[in-house]
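To start, the structure itself, in structure tokens.
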Amino acid sequence: MEKRAIFNSKLFPYFFLAPQLLISFAFFFWPALIAIWQSFQEEDAFGLNTEFVWFDNYIEIFKDSNYITAIIVTIIFSISVTAICLIFSLFLAGLANKIKAGKIFYQTLIICPYAVAPAIAGVLWFFLFSPSIGYLANILIKNDIHWNPSLNGNHALILIILSASWKQISYNFLFYLASLQSIPKSLLEAASIDGASPLRRFFDIIIPMISPTTFFLFIMNMIYTFFDTFGIIYTTTHGGPGYSTTNLVYKVYVDGIVNLNLGSSSAQSVILMIFVSFITILHFRFVEKKVHY
Amino acid sequence: MEENQKFSTALSHFILIIGIIIITFPIYYALVTSSQSLQTVLSGKTTLLPGGNFLENYKEIFSTNKNIIQGISIWRLLLNSLIVTICITFGKTIISIMSAYAIVYFKFPFQKTAFALIFLTLMLPIEVRIVPTFQMASSLNFLDSYQGLSVPLIASATATFLFRQFFMSIPDELCEAARIDGAGPLRFFFDTILPLSKTSIAALFVILFIYGWNQYLWPLLITTKQSMGTIIIALTQMIANDGTTPWHLVMGVALIAMLPPILVVVLMQKWFVKGLIDSEK
Amino acid sequence: MAKVLLKNLKKSYQNNQIIKNINLEINDGEFIVVLGPSGCGKSTMLRMIAGLEKVTEGEIYIGQTNVTKLEPKDRSIAMVFQNYALYPHMTVYKNIAYGLKLHKVPKAEIEKKVEIAAEMLQLKDLLQRKPNQLSGGQRQRVAMGRAIVREPNVFLFDEPLSNLDAKLRTQMRFEIKNIHRNVKTTSIYVTHDQIEAMTLADRIILLNKGEIEQIGTPNELYESPASTFVGGFIGNPPMNFISGEIANKYLQIDSLNSSKIAGIRPERIQITDKERETNKNECLIPFNIKMCESIGHETLIYGNIENSNTELIVKESSHSFVKNKKINLQILYKDLHLFNATNGKRL
């Protein structure tokens, strides 16, 4: 699509584009190129010499069992959060769509977690589940569950999954509610005249009608769990115990900033960039298709 | 049928209320904790009802002589957060509305390239280029400064796409009428495009305010001085590993830190919802 | 006020010729309607005159000035768009005044001009409203007011009534005609609606595939169409065409053969009881009625000439016709139009 009405001016568009492109070059493209360059280099322990090592860094990270763990953690984490968010928020949105009075009241309370910073969300949930002082941890311990996320990797993983899901439900809820509201009433009425029970209507009409939203939310939740959960992990588990809650982005941080292993950290960054590019293109392909219909 | 309807509506409300209780519980519990004494909190016998130390705790948090957070007054931290958030929000809005205008309303060499470059930034979240971006910022002397906290976060494509989307929906004839009326590109931008974009700008304001206020990884790296930290950085630094964390105060500070974005979202809810849903279409 | 002159005007997109060599002279104060089917290039031509579309080849003069390369604002034109193109965030007053403000007209003068225009267009009570508080007809009036206050040399209208309902359209047609009578500004009006063209135009330009088929008064186009295209486009229902071979059987015209086409308007055919011609000025054609449609005051009769596939439409004011009946049609020779069968041009 292109505008028919277009101004003729030679310098103007460049002038208007300049700020965004300048900042993009300084803080997006140049760092990205540096990351790619560094991913092919190795620095000695003192940071004095660097050597061009081709794909050694990449081979190293895939030999690193911690990296493999991080991949597994990332997959479990992302899939769990996505599933919890999709199911729970569709359920709530379905109910909110049914009622007439009080919709805004419920919506207002449900979107609050969206405004809470990931780091704060981490602090709140960390506290709730702190052994001996946290309210929820105490309930678990009273029921003979030896809850201790600082020693038990599974417990730690459950903790970050809950915190991350809590924050993301608002987002999913808003999109599902909008999507449900856009289903034409006549469609559901036609189905009930055809004799479909409420449950049938849900599976035969509502689920297919909202499937574009589901796909979109799936992608957005993936991106969220990959890139927006650093604050949560940092404040609840610090990636531990061991590497049991270190996802791929957290590992980039640990290897690059804490362990100062630039080569490996950069190689991991490049792999993540490829992953995001793939997701972004998938997303836009899909969006374009939707527009054409 | 009528009875059935009533029952199912009541059931919906009931389940929604349970859902809301679950969702708001962590925030409510923070409020309860912030009204207890530290002894009660550490004893693990906190009830679900607020205690009697509410005013006392908040007085301590806001007192300027005690400075419970690493020797920095909470006012200073809130001010830092506010400045950074405002810079990010306004900076991002301004540069994206400008670039979107250039891309939609002009034809020029390298137009496609410019658009592709902006699109490409979508694929480079700060988390994946964290180390070199940090090196870049430090070579520009951006450490411990407001520009360092805000500028690197300013250029992103989502806001540009939102404006582009909106501009595409403005009928071509409006621009043609303006050209016949004698408006040049700058005039048209200020007299027509800007006033028409009010709703989009409001929606974007909410989204960007939350984005800016809630930043964590980047401020963590770019600040070394306590006095340049944001409220959220300071909050997490209050938590000690040795069991001496003043949880009653931490929860108070957490509530204070989450209040501005929650207020913005709730008060501007209509625009926020519209903007969020429009920006992803 | 000024003449408008188009010299060898051409426009192409890539290799696609939209406007093919148009030459045209529009007189001072004249109301010209550019008529044609969709995609004939009429809007493109108007937008080229407005300066919104670049000219591929040729020249445009407004008055004595060659405006081919001038910006729209420097051409002394005003334009009314199909979708009104009002600024949604400005009041009616500001919408009308905006162009004057940009041309640095003093404030007092702007006020006076807007007032006069508002008076003329019955917009006085609406000046402080925003466009979304107005009806379609009112919006179109505002768009017109915006054009009038500029006091341009030329008014350009791009299908201004297409978004209105039928009743409003008739009313606005009158108003446009009245305004033109008052201000006498040269006007170029693009439409696909022949009623608008017939009622408004001093002269109609009928455009087809980027070329002018005919220029003339509404009457000229109706009475002596320059081609089969014009005959088929103007008039409702369209002109009937009979190939020379078929016509030759019934019409006593010299050299009527397959290289020619005869045309006759449905309203000029009469149904007759006569069995045989009574004078030299008329001829009779046997006809089978297939279907009749009554549209109240008149009836459209569809059918074919006996022993042929040639379909005709006849417009009659009486009502009693029976399907599948054979009748005779009476045609007067003076009502016949003859065209060249290969290029469709009038003979």
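Identifiers for the structure tokens are assigned positionally: chains receive A, B, ... in sequence, residues are indexed from 1 per chain, and ligands are indexed from 1 in the order shown.
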
Under the rule of at most 7 Å, produce a per-residue listing of chain A near chain B: chain, number, name, the closest pair of atoms, and the distance in Å, as CSV, using only C-alpha atoms.
residue,atom,partner,partner_atom,distance
A:Lys3,CA,B:Asp172,CA,6.4
A:Arg4,CA,B:Asp172,CA,6.1
A:Ala5,CA,B:Asp172,CA,5.5
A:Ile6,CA,B:Tyr105,CA,5.1
A:Phe7,CA,B:Phe106,CA,5.5
A:Asn8,CA,B:Phe106,CA,6.8
A:Pro13,CA,B:Ala102,CA,4.6
A:Phe16,CA,B:Met98,CA,5.2
A:Leu17,CA,B:Ser99,CA,4.5
A:Pro19,CA,B:Ile95,CA,6.1
A:Gln20,CA,B:Ile95,CA,5.6
A:Ile23,CA,B:Ala155,CA,6.0
A:Ser24,CA,B:Ala155,CA,5.7
A:Phe27,CA,B:Pro152,CA,5.7
A:Phe28,CA,B:Thr121,CA,6.5
A:Pro31,CA,B:Pro132,CA,4.8
A:Ala32,CA,B:Arg129,CA,5.9
A:Ile34,CA,B:Pro132,CA,6.3
A:Ala35,CA,B:Pro132,CA,6.2
A:Leu92,CA,B:Leu16,CA,6.5
A:Leu95,CA,B:Ser12,CA,5.5
A:Ile99,CA,B:Thr9,CA,6.2
A:Thr108,CA,B:Val266,CA,6.3
A:Leu109,CA,B:Ile20,CA,6.7
A:Ile110,CA,B:Ile20,CA,6.5
A:Cys112,CA,B:Ile262,CA,6.0
A:Ala115,CA,B:Ile262,CA,5.2
A:Val116,CA,B:Met258,CA,5.5
A:Ala117,CA,B:Asn214,CA,4.6
A:Ala119,CA,B:Tyr216,CA,6.8
A:Ile120,CA,B:Ala254,CA,6.3
A:Leu124,CA,B:Pro26,CA,6.2
A:Trp125,CA,B:Pro26,CA,6.9
A:Ser132,CA,B:Gly44,CA,5.7
A:Ile133,CA,B:Gly44,CA,4.1
A:Gly134,CA,B:Gly44,CA,6.6
A:Trp166,CA,B:Ile23,CA,7.0
A:Phe175,CA,B:Ile277,CA,6.7
A:Phe227,CA,B:Glu127,CA,6.3
A:Gly231,CA,B:Tyr216,CA,6.1
A:Thr235,CA,B:Thr236,CA,6.8
A:Val249,CA,B:Glu127,CA,6.5
A:Gly256,CA,B:Val131,CA,6.4
A:Ser269,CA,B:Val128,CA,4.8
A:Leu272,CA,B:Val128,CA,6.3
A:Met273,CA,B:Leu124,CA,6.3
A:Val276,CA,B:Met123,CA,5.4
A:Ser277,CA,B:Met123,CA,5.1
A:Thr280,CA,B:Met123,CA,6.6

Can you write just those residues out, N, CA and C atoms, as a short mmCIF file (atom, residue, chain, number, x, y, z; two decimals), in the first residue's frame?
data_model
loop_
_atom_site.label_atom_id
_atom_site.label_comp_id
_atom_site.auth_asym_id
_atom_site.auth_seq_id
_atom_site.Cartn_x
_atom_site.Cartn_y
_atom_site.Cartn_z
N LYS A 3 0.78 5.72 -0.35
CA LYS A 3 -0.04 6.93 -0.39
C LYS A 3 -0.01 7.52 -1.79
N ARG A 4 -1.17 8.07 -2.21
CA ARG A 4 -1.24 8.72 -3.49
C ARG A 4 -0.71 10.15 -3.35
N ALA A 5 -1.09 10.76 -2.23
CA ALA A 5 -0.69 12.15 -2.00
C ALA A 5 0.67 12.18 -1.36
N ILE A 6 1.64 12.62 -2.07
CA ILE A 6 3.01 12.58 -1.57
C ILE A 6 3.66 13.93 -1.80
N PHE A 7 4.34 14.42 -0.78
CA PHE A 7 5.01 15.71 -0.91
C PHE A 7 6.30 15.55 -1.70
N ASN A 8 6.62 16.61 -2.45
CA ASN A 8 7.90 16.59 -3.15
C ASN A 8 8.88 17.42 -2.34
N PRO A 13 12.54 14.45 4.16
CA PRO A 13 12.41 13.11 4.74
C PRO A 13 13.69 12.65 5.45
N PHE A 16 13.82 14.20 8.83
CA PHE A 16 12.87 13.60 9.78
C PHE A 16 13.27 12.18 10.20
N LEU A 17 13.97 11.50 9.31
CA LEU A 17 14.39 10.13 9.64
C LEU A 17 15.65 10.10 10.49
N PRO A 19 16.99 11.31 13.34
CA PRO A 19 17.14 10.95 14.75
C PRO A 19 16.99 9.44 14.99
N GLN A 20 15.94 8.87 14.42
CA GLN A 20 15.73 7.44 14.67
C GLN A 20 16.87 6.60 14.08
N ILE A 23 20.19 6.95 16.20
CA ILE A 23 20.19 6.19 17.45
C ILE A 23 20.21 4.69 17.15
N SER A 24 19.49 4.31 16.08
CA SER A 24 19.50 2.90 15.72
C SER A 24 20.90 2.44 15.37
N PHE A 27 23.12 2.38 18.72
CA PHE A 27 22.82 1.45 19.80
C PHE A 27 22.16 0.15 19.34
N PHE A 28 21.90 0.02 18.05
CA PHE A 28 21.34 -1.24 17.57
C PHE A 28 22.28 -1.94 16.59
N PRO A 31 26.30 -2.16 17.75
CA PRO A 31 26.48 -3.21 18.75
C PRO A 31 26.22 -4.60 18.19
N ALA A 32 25.22 -4.72 17.33
CA ALA A 32 24.92 -6.03 16.76
C ALA A 32 26.09 -6.53 15.92
N ILE A 34 29.21 -5.58 16.25
CA ILE A 34 30.29 -5.88 17.19
C ILE A 34 30.09 -7.27 17.79
N ALA A 35 28.83 -7.56 18.15
CA ALA A 35 28.54 -8.87 18.74
C ALA A 35 28.91 -9.97 17.77
N LEU A 92 -10.92 -16.35 31.75
CA LEU A 92 -11.39 -15.10 32.35
C LEU A 92 -12.07 -14.19 31.32
N LEU A 95 -15.56 -15.32 30.50
CA LEU A 95 -16.53 -14.93 31.53
C LEU A 95 -16.82 -13.44 31.45
N ILE A 99 -20.72 -11.27 30.85
CA ILE A 99 -21.48 -10.41 31.77
C ILE A 99 -21.65 -9.02 31.16
N THR A 108 -10.12 -3.57 34.92
CA THR A 108 -9.17 -2.69 35.60
C THR A 108 -8.28 -3.48 36.54
N LEU A 109 -8.89 -4.38 37.32
CA LEU A 109 -8.07 -5.13 38.28
C LEU A 109 -7.19 -6.16 37.58
N ILE A 110 -7.71 -6.73 36.50
CA ILE A 110 -6.92 -7.77 35.83
C ILE A 110 -5.71 -7.17 35.11
N CYS A 112 -3.85 -4.72 36.14
CA CYS A 112 -2.83 -4.17 37.05
C CYS A 112 -1.46 -4.85 36.96
N ALA A 115 1.23 -3.51 34.64
CA ALA A 115 1.96 -2.29 34.94
C ALA A 115 3.08 -2.53 35.95
N VAL A 116 3.10 -3.71 36.57
CA VAL A 116 4.13 -3.98 37.58
C VAL A 116 5.42 -4.41 36.90
N ALA A 117 6.53 -3.81 37.30
CA ALA A 117 7.81 -4.14 36.68
C ALA A 117 8.15 -5.61 36.93
N ALA A 119 10.90 -6.88 37.69
CA ALA A 119 11.75 -7.00 38.88
C ALA A 119 10.90 -6.94 40.15
N ILE A 120 9.89 -6.07 40.16
CA ILE A 120 9.04 -5.98 41.35
C ILE A 120 8.19 -7.25 41.47
N LEU A 124 7.88 -9.62 44.75
CA LEU A 124 6.63 -9.99 45.42
C LEU A 124 6.50 -11.51 45.54
N TRP A 125 6.75 -12.23 44.45
CA TRP A 125 6.59 -13.68 44.46
C TRP A 125 7.68 -14.36 45.25
N SER A 132 9.56 -20.13 55.50
CA SER A 132 9.42 -19.66 56.88
C SER A 132 8.85 -18.26 57.02
N ILE A 133 8.96 -17.37 56.02
CA ILE A 133 8.32 -16.07 56.18
C ILE A 133 7.18 -15.85 55.18
N GLY A 134 7.24 -16.47 54.03
CA GLY A 134 6.24 -16.20 53.00
C GLY A 134 4.93 -16.93 53.28
N TRP A 166 1.94 -14.65 36.00
CA TRP A 166 1.10 -13.65 36.69
C TRP A 166 1.15 -12.31 35.96
N PHE A 175 -6.29 -9.04 24.90
CA PHE A 175 -6.41 -9.44 23.49
C PHE A 175 -7.53 -10.45 23.29
N PHE A 227 12.70 -12.52 26.52
CA PHE A 227 13.43 -11.27 26.65
C PHE A 227 12.96 -10.35 27.78
N GLY A 231 14.32 -9.51 34.69
CA GLY A 231 14.09 -8.92 36.02
C GLY A 231 13.51 -9.93 36.99
N THR A 235 15.63 -11.32 40.32
CA THR A 235 15.22 -11.01 41.69
C THR A 235 14.71 -12.23 42.45
N VAL A 249 18.74 -15.86 27.71
CA VAL A 249 19.10 -14.46 27.87
C VAL A 249 19.88 -14.24 29.18
N GLY A 256 28.61 -12.79 29.83
CA GLY A 256 29.18 -11.54 29.32
C GLY A 256 29.56 -10.58 30.42
N SER A 269 24.59 -14.35 21.88
CA SER A 269 23.76 -13.24 21.41
C SER A 269 23.36 -13.44 19.96
N LEU A 272 20.69 -15.89 19.55
CA LEU A 272 19.40 -15.30 19.93
C LEU A 272 18.86 -14.37 18.85
N MET A 273 19.77 -13.58 18.24
CA MET A 273 19.34 -12.68 17.17
C MET A 273 18.71 -13.47 16.04
N VAL A 276 15.26 -14.48 17.13
CA VAL A 276 14.27 -13.38 17.09
C VAL A 276 13.90 -13.05 15.66
N SER A 277 14.88 -13.02 14.78
CA SER A 277 14.59 -12.71 13.38
C SER A 277 13.58 -13.70 12.83
N THR A 280 10.18 -12.93 14.29
CA THR A 280 9.63 -11.68 13.77
C THR A 280 9.09 -11.88 12.36
#

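Residue neighbourhood of Arg47 in chain C, excluding near-sequence residues (fewer than 2 positions): Glu176 of chain B; Gly41, Lys42, Ser43, Thr44, Met45, Ile49, Ala50, Gly51, Leu52, Glu53, Lys54, Val55, Pro72, Met79, Leu156, Phe157 and Asp158 of chain C, at 10 Å, using only C-alpha atoms.
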
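Nearest to chain C of all the residues B:Leu77, B:Ala178, B:Met238, B:Ile256 is B:Ala178, based on only C-alpha atoms.
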
Residues of chain C that have any atom at most 10 Å from an atom of chain B: could you tabulate them with the shortest-distance atom pair and the distance in Å to one decimal, using only C-alpha atoms, ordered by chain and increasing number, as a Markdown table?
| residue | atom | partner | partner_atom | distance |
| --- | --- | --- | --- | --- |
| C:Arg47 | CA | B:Glu176 | CA | 9.7 |
| C:Ala50 | CA | B:Ile180 | CA | 7.8 |
| C:Gly51 | CA | B:Ile180 | CA | 8.6 |
| C:Leu52 | CA | B:Glu176 | CA | 7.0 |
| C:Glu71 | CA | B:Arg179 | CA | 8.1 |
| C:Pro72 | CA | B:Ile180 | CA | 5.1 |
| C:Lys73 | CA | B:Gly182 | CA | 4.6 |
| C:Asp74 | CA | B:Gly182 | CA | 7.8 |
| C:Arg75 | CA | B:Ile180 | CA | 8.6 |
| C:Ser76 | CA | B:Ile180 | CA | 8.8 |
| C:Ile77 | CA | B:Ile180 | CA | 7.4 |
| C:Ala78 | CA | B:Ile180 | CA | 6.7 |
| C:Met79 | CA | B:Ala177 | CA | 7.3 |
| C:Val80 | CA | B:Ala177 | CA | 8.4 |
| C:Phe81 | CA | B:Glu173 | CA | 7.1 |
| C:Gln82 | CA | B:Glu173 | CA | 8.8 |
| C:Asn83 | CA | B:Glu173 | CA | 7.7 |
| C:Tyr84 | CA | B:Glu173 | CA | 8.1 |
| C:Ala85 | CA | B:Leu174 | CA | 4.9 |
| C:Leu86 | CA | B:Leu174 | CA | 6.8 |
| C:Tyr87 | CA | B:Leu174 | CA | 6.9 |
| C:Pro88 | CA | B:Leu196 | CA | 7.7 |
| C:His89 | CA | B:Leu196 | CA | 6.6 |
| C:Met90 | CA | B:Thr192 | CA | 8.9 |
| C:Ile96 | CA | B:Asp181 | CA | 9.9 |
| C:Ala97 | CA | B:Asp181 | CA | 9.6 |
| C:Tyr98 | CA | B:Asp181 | CA | 7.1 |
| C:Gly99 | CA | B:Asp181 | CA | 4.3 |
| C:Leu100 | CA | B:Asp181 | CA | 7.7 |
| C:Lys101 | CA | B:Asp181 | CA | 9.1 |
| C:Leu102 | CA | B:Gly182 | CA | 6.1 |
| C:His103 | CA | B:Gly182 | CA | 7.0 |
| C:Ala143 | CA | B:Ala177 | CA | 9.7 |
| C:Arg146 | CA | B:Asp181 | CA | 8.9 |
| C:Ala147 | CA | B:Asp181 | CA | 9.0 |
| C:Arg150 | CA | B:Asp181 | CA | 8.6 |

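For range 24-192 of chain A, backbone-based DSSP labels the following residues as strand (DSSP E or B): Gln41, Glu42, Glu43, Thr50, Glu51 and Phe52 of chain A.
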
Could you save the residues just selected, with N, CA and C atoms, as a PDB file, in the first residue's frame?
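Below is the file that was written, selection21.pdb:
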ATOM      1  N   GLN A  41      35.844 -14.275  17.945  1.00  0.00           N
ATOM      2  CA  GLN A  41      37.143 -14.008  18.554  1.00  0.00           C
ATOM      3  C   GLN A  41      37.234 -14.591  19.952  1.00  0.00           C
ATOM      4  N   GLU A  42      38.488 -14.798  20.363  1.00  0.00           N
ATOM      5  CA  GLU A  42      38.695 -15.277  21.716  1.00  0.00           C
ATOM      6  C   GLU A  42      39.694 -14.366  22.403  1.00  0.00           C
ATOM      7  N   GLU A  43      39.397 -14.023  23.659  1.00  0.00           N
ATOM      8  CA  GLU A  43      40.258 -13.146  24.427  1.00  0.00           C
ATOM      9  C   GLU A  43      40.998 -14.004  25.448  1.00  0.00           C
ATOM     10  N   THR A  50      43.559 -10.740  21.578  1.00  0.00           N
ATOM     11  CA  THR A  50      42.398 -11.414  21.011  1.00  0.00           C
ATOM     12  C   THR A  50      42.844 -12.154  19.768  1.00  0.00           C
ATOM     13  N   GLU A  51      42.153 -13.220  19.491  1.00  0.00           N
ATOM     14  CA  GLU A  51      42.523 -14.065  18.358  1.00  0.00           C
ATOM     15  C   GLU A  51      41.268 -14.411  17.585  1.00  0.00           C
ATOM     16  N   PHE A  52      41.393 -14.419  16.280  1.00  0.00           N
ATOM     17  CA  PHE A  52      40.236 -14.787  15.446  1.00  0.00           C
ATOM     18  C   PHE A  52      40.128 -16.302  15.409  1.00  0.00           C
TER      19      PHE A  52
END

Spatial neighbours of range 123-133 of chain C, 6 Å, only C-alpha atoms, chain gap at least 4 places, as a PDB file with N, CA and C atoms, in the first residue's frame:
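Okay, part.pdb is ready:
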ATOM      1  N   PRO C  88     -10.750  16.754  10.096  1.00  0.00           N
ATOM      2  CA  PRO C  88     -11.685  16.274  11.126  1.00  0.00           C
ATOM      3  C   PRO C  88     -11.564  17.026  12.446  1.00  0.00           C
ATOM      4  N   THR C  91     -13.094  23.050  13.269  1.00  0.00           N
ATOM      5  CA  THR C  91     -14.503  23.391  13.138  1.00  0.00           C
ATOM      6  C   THR C  91     -14.799  23.752  11.688  1.00  0.00           C
ATOM      7  N   VAL C  92     -16.089  23.871  11.375  1.00  0.00           N
ATOM      8  CA  VAL C  92     -16.492  24.244  10.023  1.00  0.00           C
ATOM      9  C   VAL C  92     -15.831  25.567   9.642  1.00  0.00           C
ATOM     10  N   TYR C  93     -15.872  26.514  10.584  1.00  0.00           N
ATOM     11  CA  TYR C  93     -15.272  27.827  10.304  1.00  0.00           C
ATOM     12  C   TYR C  93     -13.803  27.680   9.926  1.00  0.00           C
ATOM     13  N   ALA C 118     -20.837  31.178   4.038  1.00  0.00           N
ATOM     14  CA  ALA C 118     -21.729  30.433   4.928  1.00  0.00           C
ATOM     15  C   ALA C 118     -23.176  30.809   4.651  1.00  0.00           C
ATOM     16  N   GLU C 119     -23.390  32.082   4.357  1.00  0.00           N
ATOM     17  CA  GLU C 119     -24.723  32.564   4.018  1.00  0.00           C
ATOM     18  C   GLU C 119     -25.224  31.853   2.764  1.00  0.00           C
TER      19      GLU C 119
END

Check: What lies within 9 Å of Glu282 in chain C using only C-alpha atoms, ignoring chain neighbours under 6 positions off, as a PyMOL selection string?
Finding: chain C and resi 251+330-334

Backbone DSSP call of alpha helix (DSSP H) for range 118-159 of chain C, listed as an MDAnalysis selection string: chainID C and resid 118:120 136:149

Output file for the residues above (C-alpha atoms, as a PDB file, in the first residue's frame):
ATOM      1  CA  ALA C 118     -21.729  30.433   4.928  1.00  0.00           C
ATOM      2  CA  GLU C 119     -24.723  32.564   4.018  1.00  0.00           C
ATOM      3  CA  MET C 120     -24.732  31.276   0.464  1.00  0.00           C
ATOM      4  CA  GLY C 136     -23.294  14.112   4.406  1.00  0.00           C
ATOM      5  CA  GLY C 137     -24.997  16.977   2.606  1.00  0.00           C
ATOM      6  CA  GLN C 138     -23.744  19.508   5.145  1.00  0.00           C
ATOM      7  CA  ARG C 139     -20.211  18.186   4.850  1.00  0.00           C
ATOM      8  CA  GLN C 140     -20.358  18.562   1.095  1.00  0.00           C
ATOM      9  CA  ARG C 141     -21.507  22.164   1.568  1.00  0.00           C
ATOM     10  CA  VAL C 142     -18.558  22.853   3.834  1.00  0.00           C
ATOM     11  CA  ALA C 143     -16.236  21.404   1.207  1.00  0.00           C
ATOM     12  CA  MET C 144     -17.850  23.714  -1.300  1.00  0.00           C
ATOM     13  CA  GLY C 145     -17.508  26.675   1.040  1.00  0.00           C
ATOM     14  CA  ARG C 146     -13.831  25.930   1.407  1.00  0.00           C
ATOM     15  CA  ALA C 147     -13.506  26.140  -2.360  1.00  0.00           C
ATOM     16  CA  ILE C 148     -15.629  29.271  -2.802  1.00  0.00           C
ATOM     17  CA  VAL C 149     -13.868  31.505  -0.260  1.00  0.00           C
TER      18      VAL C 149
END

Counting only C-alpha atoms, closest pick from B:Thr85, B:Thr199, B:Gln165, B:Gln147 relative to Ile231 in chain B is B:Thr85

Students should find that CA of Arg203 in chain C and CA of Pro152 in chain C are spaced 20.5 Å

One residue among A:Gln268, A:Ser9, A:Ser163, A:Ser182 is nearest to chain C when using only C-alpha atoms, and that residue is A:Ser9

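Residues surrounding Thr56 in chain C within 7 Å are C:Lys10, C:Lys11, C:Ser12 [only C-alpha atoms; sequence separation below 4 positions excluded].
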
Computed gap from CA of Leu46 in chain C to CA of Leu207 in chain C is 12.0 Å

A straight line from CA of Phe126 in chain A to CA of Ile160 in chain A spans 8.8 Å

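The shell of residues at most 10 Å from range 23-26 of chain C, with only C-alpha atoms counted and near chain neighbours (fewer than 2 positions) removed, consists of Ala2, Lys3, Val4, Leu5, Leu6, Lys7, Asn8, Leu9, Lys10, Lys20, Asn21, Asp28, Gly29, Glu30, Phe31, Ile32, Gly58, Glu59, Ile60, Tyr61, Ile62, Thr186, Ser187, Ile188, Arg203, Ile205, Glu211, Ile212 and Ile215 of chain C.
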
**Item:** Contact residues around Val230 in chain C with only C-alpha atoms at 9 Å, ignoring same-chain residues under 5 positions, as a ChimeraX atom specification
**Value:** /C:206,213-214,221-222,225

Any chance you can output those residues with C-alpha atoms as a short mmCIF file (atom, residue, chain, number, x, y, z; two decimals), in the first residue's frame?
data_model
loop_
_atom_site.label_atom_id
_atom_site.label_comp_id
_atom_site.auth_asym_id
_atom_site.auth_seq_id
_atom_site.Cartn_x
_atom_site.Cartn_y
_atom_site.Cartn_z
CA LEU C 206 -17.09 12.26 -22.86
CA GLU C 213 -14.96 10.63 -27.64
CA GLN C 214 -16.97 13.81 -28.00
CA LEU C 221 -24.35 14.49 -27.29
CA TYR C 222 -27.88 13.20 -27.05
CA PRO C 225 -23.63 11.15 -30.77
#

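Take the candidates A:Leu157, A:Leu33, A:Ala267, A:Leu11 and check each one against Thr237 in chain A using only C-alpha atoms; the shortest distance goes to A:Leu157.
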